[in-house]
Structure formats: structure tokens, C-alpha cells
file coords.pdb (PDB, C-alpha atoms)
ATOM      1  CA  MET Y   1    -108.159  20.801 168.443
ATOM      2  CA  ASP Y   2    -105.295  23.230 168.510
ATOM      3  CA  ILE Y   3    -103.670  22.872 165.115
ATOM      4  CA  PHE Y   4    -100.916  25.319 166.011
ATOM      5  CA  LYS Y   5     -99.796  23.104 168.893
ATOM      6  CA  VAL Y   6     -99.656  20.105 166.567
ATOM      7  CA  ALA Y   7     -97.734  22.012 163.905
ATOM      8  CA  GLY Y   8     -95.255  23.305 166.490
ATOM      9  CA  VAL Y   9     -94.610  19.884 167.969
ATOM     10  CA  GLY Y  10     -94.243  18.371 164.513
ATOM     11  CA  VAL Y  11     -91.746  20.918 163.319
ATOM     12  CA  ILE Y  12     -89.687  20.698 166.523
ATOM     13  CA  GLY Y  13     -89.692  16.906 166.273
ATOM     14  CA  ALA Y  14     -88.519  17.070 162.656
ATOM     15  CA  VAL Y  15     -85.769  19.550 163.463
ATOM     16  CA  ILE Y  16     -84.497  17.439 166.352
ATOM     17  CA  GLY Y  17     -84.742  14.304 164.200
ATOM     18  CA  VAL Y  18     -82.562  15.839 161.511
ATOM     19  CA  PHE Y  19     -80.218  17.392 164.059
ATOM     20  CA  LEU Y  20     -79.658  14.119 165.892
ATOM     21  CA  LYS Y  21     -79.268  12.211 162.632
ATOM     22  CA  HIS Y  22     -75.988  14.074 162.116
ATOM     23  CA  GLY Y  23     -74.492  13.534 165.582
ATOM     24  CA  LYS Y  24     -76.047  10.342 166.893
ATOM     25  CA  PRO Y  25     -78.239   8.520 164.328
ATOM     26  CA  GLU Y  26     -79.653   6.103 166.931
ATOM     27  CA  PHE Y  27     -81.331   8.939 168.865
ATOM     28  CA  ALA Y  28     -82.984  10.442 165.792
ATOM     29  CA  ILE Y  29     -85.628   7.727 165.702
ATOM     30  CA  PHE Y  30     -86.608   8.360 169.312
ATOM     31  CA  GLY Y  31     -87.078  12.088 168.760
ATOM     32  CA  VAL Y  32     -89.299  11.368 165.779
ATOM     33  CA  MET Y  33     -91.268   8.752 167.700
ATOM     34  CA  ALA Y  34     -91.818  11.083 170.648
ATOM     35  CA  ALA Y  35     -93.136  13.834 168.389
ATOM     36  CA  GLY Y  36     -95.397  11.311 166.656
ATOM     37  CA  VAL Y  37     -96.784  10.087 169.957
ATOM     38  CA  MET Y  38     -97.584  13.602 171.119
ATOM     39  CA  ILE Y  39     -99.368  14.541 167.906
ATOM     40  CA  LEU Y  40    -101.371  11.323 167.955
ATOM     41  CA  ILE Y  41    -102.456  11.888 171.535
ATOM     42  CA  PHE Y  42    -103.591  15.430 170.672
ATOM     43  CA  ALA Y  43    -105.679  14.087 167.811
ATOM     44  CA  LEU Y  44    -106.993  11.188 169.886
ATOM     45  CA  TYR Y  45    -108.417  13.308 172.664
ATOM     46  CA  SER Y  46    -110.328  15.439 170.206
ATOM     47  CA  LEU Y  47    -111.847  12.218 168.829
ATOM     48  CA  THR Y  48    -113.323  11.094 172.138
ATOM     49  CA  ASP Y  49    -116.376  13.378 172.134
ATOM     50  CA  VAL Y  50    -117.168  12.543 168.492
ATOM     51  CA  ILE Y  51    -117.123   8.852 169.335
ATOM     52  CA  GLY Y  52    -119.324   9.528 172.353
ATOM     53  CA  ALA Y  53    -121.845  11.300 170.135
ATOM     54  CA  PHE Y  54    -121.848   8.413 167.683
ATOM     55  CA  GLY Y  55    -122.288   5.965 170.564
ATOM     56  CA  ALA Y  56    -125.343   7.834 171.768
ATOM     57  CA  LEU Y  57    -126.677   7.910 168.204
ATOM     58  CA  VAL Y  58    -126.182   4.147 167.851
ATOM     59  CA  GLU Y  59    -128.069   3.496 171.098
ATOM     60  CA  LYS Y  60    -130.918   5.788 170.097
ATOM     61  CA  THR Y  61    -131.500   4.121 166.729
ATOM     62  CA  ASN Y  62    -130.882   0.685 168.359
ATOM     63  CA  ILE Y  63    -128.485  -0.380 165.604
ATOM     64  CA  ASP Y  64    -126.569  -3.520 166.527
ATOM     65  CA  GLU Y  65    -123.860  -2.581 169.056
ATOM     66  CA  ARG Y  66    -121.391  -4.997 167.447
ATOM     67  CA  LEU Y  67    -121.502  -2.988 164.238
ATOM     68  CA  PHE Y  68    -120.372   0.240 165.865
ATOM     69  CA  SER Y  69    -117.726  -1.276 168.119
ATOM     70  CA  GLY Y  70    -116.399  -3.279 165.161
ATOM     71  CA  ILE Y  71    -115.957  -0.147 163.111
ATOM     72  CA  LEU Y  72    -114.269   1.561 166.055
ATOM     73  CA  LYS Y  73    -111.865  -1.339 166.397
ATOM     74  CA  ILE Y  74    -110.989  -1.140 162.728
ATOM     75  CA  ILE Y  75    -110.251   2.577 163.022
ATOM     76  CA  GLY Y  76    -108.083   1.948 166.066
ATOM     77  CA  ILE Y  77    -106.102  -0.760 164.328
ATOM     78  CA  GLY Y  78    -105.644   1.454 161.306
ATOM     79  CA  TYR Y  79    -104.423   4.220 163.588
ATOM     80  CA  ILE Y  80    -101.698   2.156 165.227
ATOM     81  CA  THR Y  81    -100.650   0.338 162.052
ATOM     82  CA  GLU Y  82    -100.214   3.587 160.185
ATOM     83  CA  TYR Y  83     -98.183   5.104 163.014
ATOM     84  CA  SER Y  84     -95.753   2.235 163.336
ATOM     85  CA  SER Y  85     -95.301   1.627 159.626
ATOM     86  CA  GLU Y  86     -94.544   5.307 159.017
ATOM     87  CA  ILE Y  87     -91.910   5.220 161.774
ATOM     88  CA  CYS Y  88     -90.266   2.261 160.062
ATOM     89  CA  ASN Y  89     -90.426   4.071 156.738
ATOM     90  CA  ASP Y  90     -88.747   7.061 158.346
ATOM     91  CA  MET Y  91     -85.806   4.939 159.334
ATOM     92  CA  ASN Y  92     -85.816   3.611 155.762
ATOM     93  CA  CYS Y  93     -86.673   0.018 156.632
ATOM     94  CA  GLY Y  94     -89.434  -0.249 154.033
ATOM     95  CA  SER Y  95     -89.654  -4.018 154.329
ATOM     96  CA  ILE Y  96     -90.700  -3.904 157.991
ATOM     97  CA  ALA Y  97     -93.213  -1.177 157.193
ATOM     98  CA  SER Y  98     -94.860  -3.286 154.516
ATOM     99  CA  LYS Y  99     -94.940  -6.286 156.902
ATOM    100  CA  ILE Y 100     -96.731  -4.178 159.511
ATOM    101  CA  GLN Y 101     -99.212  -2.952 156.941
ATOM    102  CA  LEU Y 102     -99.863  -6.506 155.767
ATOM    103  CA  ALA Y 103    -100.514  -7.608 159.336
ATOM    104  CA  GLY Y 104    -102.797  -4.623 159.831
ATOM    105  CA  LYS Y 105    -104.773  -5.479 156.720
ATOM    106  CA  ILE Y 106    -105.216  -9.063 157.870
ATOM    107  CA  THR Y 107    -106.345  -7.973 161.325
ATOM    108  CA  VAL Y 108    -108.807  -5.505 159.838
ATOM    109  CA  PHE Y 109    -110.129  -8.222 157.563
ATOM    110  CA  LEU Y 110    -110.652 -10.515 160.559
ATOM    111  CA  MET Y 111    -112.392  -7.677 162.385
ATOM    112  CA  ALA Y 112    -114.593  -6.892 159.402
ATOM    113  CA  ALA Y 113    -116.150 -10.362 159.173
ATOM    114  CA  PRO Y 114    -118.542 -10.024 162.179
ATOM    115  CA  VAL Y 115    -119.403  -6.474 161.129
ATOM    116  CA  MET Y 116    -120.325  -7.812 157.705
ATOM    117  CA  THR Y 117    -122.581 -10.504 159.131
ATOM    118  CA  ALA Y 118    -124.276  -8.019 161.460
ATOM    119  CA  PHE Y 119    -124.828  -5.721 158.510
ATOM    120  CA  ILE Y 120    -126.397  -8.457 156.410
ATOM    121  CA  ASP Y 121    -128.657  -9.449 159.342
ATOM    122  CA  ILE Y 122    -129.971  -5.884 159.497
ATOM    123  CA  ILE Y 123    -130.604  -5.755 155.770
ATOM    124  CA  SER Y 124    -132.374  -9.107 155.744
ATOM    125  CA  ARG Y 125    -134.590  -7.944 158.617
ATOM    126  CA  LEU Y 126    -135.439  -4.771 156.708
ATOM    127  CA  ALA Y 127    -136.169  -6.692 153.521
ATOM    128  CA  ILE Y 128    -138.764  -9.041 155.027
TER
ATOM    129  CA  MET O 129     -98.549  16.692 176.922
ATOM    130  CA  ASN O 130     -95.704  19.126 176.856
ATOM    131  CA  ILE O 131     -92.707  19.491 174.700
ATOM    132  CA  ASP O 132     -89.914  18.897 177.152
ATOM    133  CA  VAL O 133     -89.740  15.169 176.421
ATOM    134  CA  ILE O 134     -88.485  15.787 172.890
ATOM    135  CA  LEU O 135     -85.968  18.321 174.142
ATOM    136  CA  LYS O 136     -84.833  15.894 176.831
ATOM    137  CA  ILE O 137     -84.216  13.232 174.172
ATOM    138  CA  ALA O 138     -82.257  15.711 172.073
ATOM    139  CA  GLY O 139     -80.237  16.709 175.145
ATOM    140  CA  VAL O 140     -79.327  13.120 175.956
ATOM    141  CA  GLY O 141     -78.366  12.551 172.342
ATOM    142  CA  ILE O 142     -76.084  15.564 172.177
ATOM    143  CA  LEU O 143     -74.548  14.783 175.561
ATOM    144  CA  THR O 144     -73.758  11.246 174.472
ATOM    145  CA  ALA O 145     -72.212  12.503 171.254
ATOM    146  CA  VAL O 146     -69.985  14.937 173.150
ATOM    147  CA  ILE O 147     -68.931  12.356 175.719
ATOM    148  CA  ASN O 148     -68.143   9.953 172.932
ATOM    149  CA  ILE O 149     -65.900  12.436 171.194
ATOM    150  CA  VAL O 150     -64.084  13.230 174.438
ATOM    151  CA  LEU O 151     -63.602   9.568 175.288
ATOM    152  CA  LYS O 152     -62.449   8.741 171.756
ATOM    153  CA  LYS O 153     -59.878  11.530 171.873
ATOM    154  CA  SER O 154     -58.455  10.085 175.118
ATOM    155  CA  ASP O 155     -58.495   6.687 173.300
ATOM    156  CA  LYS O 156     -60.881   4.959 175.765
ATOM    157  CA  ASP O 157     -63.131   3.519 173.070
ATOM    158  CA  GLU O 158     -64.743   0.772 175.123
ATOM    159  CA  ILE O 159     -66.057   3.310 177.680
ATOM    160  CA  ALA O 160     -67.406   5.366 174.787
ATOM    161  CA  THR O 161     -69.559   2.453 173.649
ATOM    162  CA  PHE O 162     -70.813   2.016 177.211
ATOM    163  CA  THR O 163     -71.866   5.671 177.445
ATOM    164  CA  THR O 164     -73.673   5.381 174.131
ATOM    165  CA  LEU O 165     -75.438   2.291 175.439
ATOM    166  CA  ALA O 166     -76.402   4.063 178.669
ATOM    167  CA  GLY O 167     -77.754   7.086 176.801
ATOM    168  CA  LEU O 168     -79.676   4.810 174.477
ATOM    169  CA  ILE O 169     -81.239   2.920 177.368
ATOM    170  CA  ILE O 170     -82.347   6.121 179.091
ATOM    171  CA  VAL O 171     -83.957   7.403 175.910
ATOM    172  CA  ILE O 172     -85.563   4.055 175.162
ATOM    173  CA  LEU O 173     -87.194   4.007 178.604
ATOM    174  CA  MET O 174     -88.590   7.505 178.074
ATOM    175  CA  VAL O 175     -90.013   6.732 174.639
ATOM    176  CA  ILE O 176     -91.381   3.335 175.655
ATOM    177  CA  ASP O 177     -93.255   5.023 178.487
ATOM    178  CA  MET O 178     -94.805   7.513 176.033
ATOM    179  CA  ILE O 179     -95.748   4.843 173.514
ATOM    180  CA  GLY O 180     -97.308   2.776 176.304
ATOM    181  CA  GLY O 181     -99.479   5.745 177.190
ATOM    182  CA  LEU O 182    -100.458   6.176 173.559
ATOM    183  CA  PHE O 183    -101.416   2.525 173.130
ATOM    184  CA  ASP O 184    -103.420   2.576 176.381
ATOM    185  CA  SER O 185    -105.402   5.629 175.295
ATOM    186  CA  VAL O 186    -106.021   4.114 171.841
ATOM    187  CA  LYS O 187    -107.178   0.895 173.511
ATOM    188  CA  SER O 188    -109.527   2.721 175.829
ATOM    189  CA  ILE O 189    -110.963   5.072 173.219
ATOM    190  CA  PHE O 190    -111.477   2.578 170.417
ATOM    191  CA  ARG O 191    -112.553  -0.211 172.834
ATOM    192  CA  LEU O 192    -109.849  -2.472 171.440
ATOM    193  CA  TYR O 193    -109.688  -4.947 174.306
TER
END
call {"tool": "encode", "arguments": {"input": "coords.pdb", "output": "C-alpha cells"}}
result
Amino acid sequence: MDIFKVAGVGVIGAVIGVFLKHGKPEFAIFGVMAAGVMILIFALYSLTDVIGAFGALVEKTNIDERLFSGILKIIGIGYITEYSSEICNDMNCGSIASKIQLAGKITVFLMAAPVMTAFIDIISRLAI
Amino acid sequence: MNIDVILKIAGVGILTAVINIVLKKSDKDEIATFTTLAGLIIVILMVIDMIGGLFDSVKSIFRLY
């Protein structure tokens, strides 16, 4: 993953964010969001082959598929929640950011329940 | 993913600021608000398109259906 590309995009996004904040504050948020989206997409595409490798590993050791996809979902939700709450923090609306994080925590908790049960099934099978 | 989107957003922002100043000097304030609105809408459409792409790729990669 080309860290120089990410650093360049980030710095340009920050410069444009600050620059626009002086002239037109409404546009500053969009510059920052665009830079954030580009950096996230860079990072995301480097994740795909790692997830593929883990998927193959899960199939080989025939662990319960729900476990792995549950964990993936949780990572995805964390990804999006963190992105949006940081954008709100940037535009100093901390209250909205904390609401988004609360909603993210609740969703992750709902997602974690089936993973937990699958995990306990595996352990009980091992124990007998 | 290339960088011109951010520069395009900055360009629209600066252009709107300049047009606003010009319109305010020739005391046509209501048109100034319309130009700001138009610039904002253009930028919103661009950014919404990018965020839609991001959410689609996150959905497909993390199997979040």
C-alpha cells in the first residue's frame, strides 16, 4: 500500500480544508470528506487480499463461517462509524459524533451476539 | 482514485467566494446567495458520489449486506 500516496492526499486535503475554511466555510467540510474517502479507499483495497487469505484459512480449518463473517461485519461497521464520527468532530459538532459512536457500539453489540454463540458452540464441542 | 476531485472542490469553493464578493459589491445580495447555493449543490453531488462508492466497496469487502 503506497503510504506516500496516502500522505500526499491527506496533506493536500488538510491544506484545502484550511484554505476553504477562510473563504467559504461550507466547502471546507467537503474537501476534508473527499480526502478522507480517498484515503479510506486506498486502505480498503489493500485489505481485500488479506481478507481473502483469512477466508481460505477459515474454510481449510472448517471453523464456523458465521464466526468469520461476523467479525468482518464488525470491522466494517467500525470502519464506517469511525470515519463519519471523525468528520463530525472535524466540523466541531461533537454531540453528533458521540451519537454516531453510540449507534456504532450498539450495532456492533448486536452483531457480536451470534458470533459469541457460535464461539461457545465450538468450545463446548471441543470440551466434550 | 486521483486527486483532481479535491482540487475541483477547492476550485468551486474559491469561484463561489469570488462571485459572492463581486455580487455583494454590486449590491445584488439575493443572487449571491443563489450562487453559493448552486456551488454547494455541485460540490455536494460530487462528494455524495464518492461516499457512495466508498460505502459500496466497504459493503462488498466486509460482506455487510
call {"tool": "atom_distance", "arguments": {"input": "coords.pdb", "atom1": "CA of Asn62 (chain Y)", "atom2": "CA of Asp121 (chain Y)"}}
result
13.7 Å
call {"tool": "resolve_selection", "arguments": {"input": "coords.pdb", "expression": "the PyMOL selection byres ((chain Y) within 8 of (chain O))", "output": "PyMOL selection string"}}
result
chain Y and resi 9+13+16+20+23-24+26-27+30-31+33-35+37-38+40-41+44+48+69+72-73+75-76+80
call {"tool": "atom_distance", "arguments": {"input": "coords.pdb", "atom1": "CA of Val15 (chain Y)", "atom2": "CA of Tyr45 (chain Y)"}}
result
25.2 Å
call {"tool": "resolve_selection", "arguments": {"input": "coords.pdb", "expression": "the PyMOL selection byres ((chain Y and resi 98) around 12)", "output": "list in words"}}
result
Thr81, Glu82, Ser84, Ser85, Glu86, Ile87, Cys88, Asn89, Asn92, Cys93, Gly94, Ser95, Ile96, Ala97, Lys99, Ile100, Gln101, Leu102, Ala103, Gly104 and Lys105 of chain Y
call {"tool": "atom_distance", "arguments": {"input": "coords.pdb", "atom1": "CA of Val32 (chain Y)", "atom2": "CA of Ile170 (chain O)"}}
result
15.9 Å
call {"tool": "closest_residue", "arguments": {"input": "coords.pdb", "among": "Y:Ala118, Y:Phe109, Y:Phe4, Y:Ala127", "to": "Glu65 (chain Y)", "atoms": "all atoms listed in the file"}}
result
Y:Ala118
call {"tool": "axis_aligned_box", "arguments": {"input": "coords.pdb", "around": "region 134-150 of chain O", "padding_each_side": "8 Å", "output": "lines of an AutoDock Vina configuration file"}}
result
center_x = -76.3
center_y = 14.1
center_z = 174.0
size_x = 40.4
size_y = 24.4
size_z = 21.6
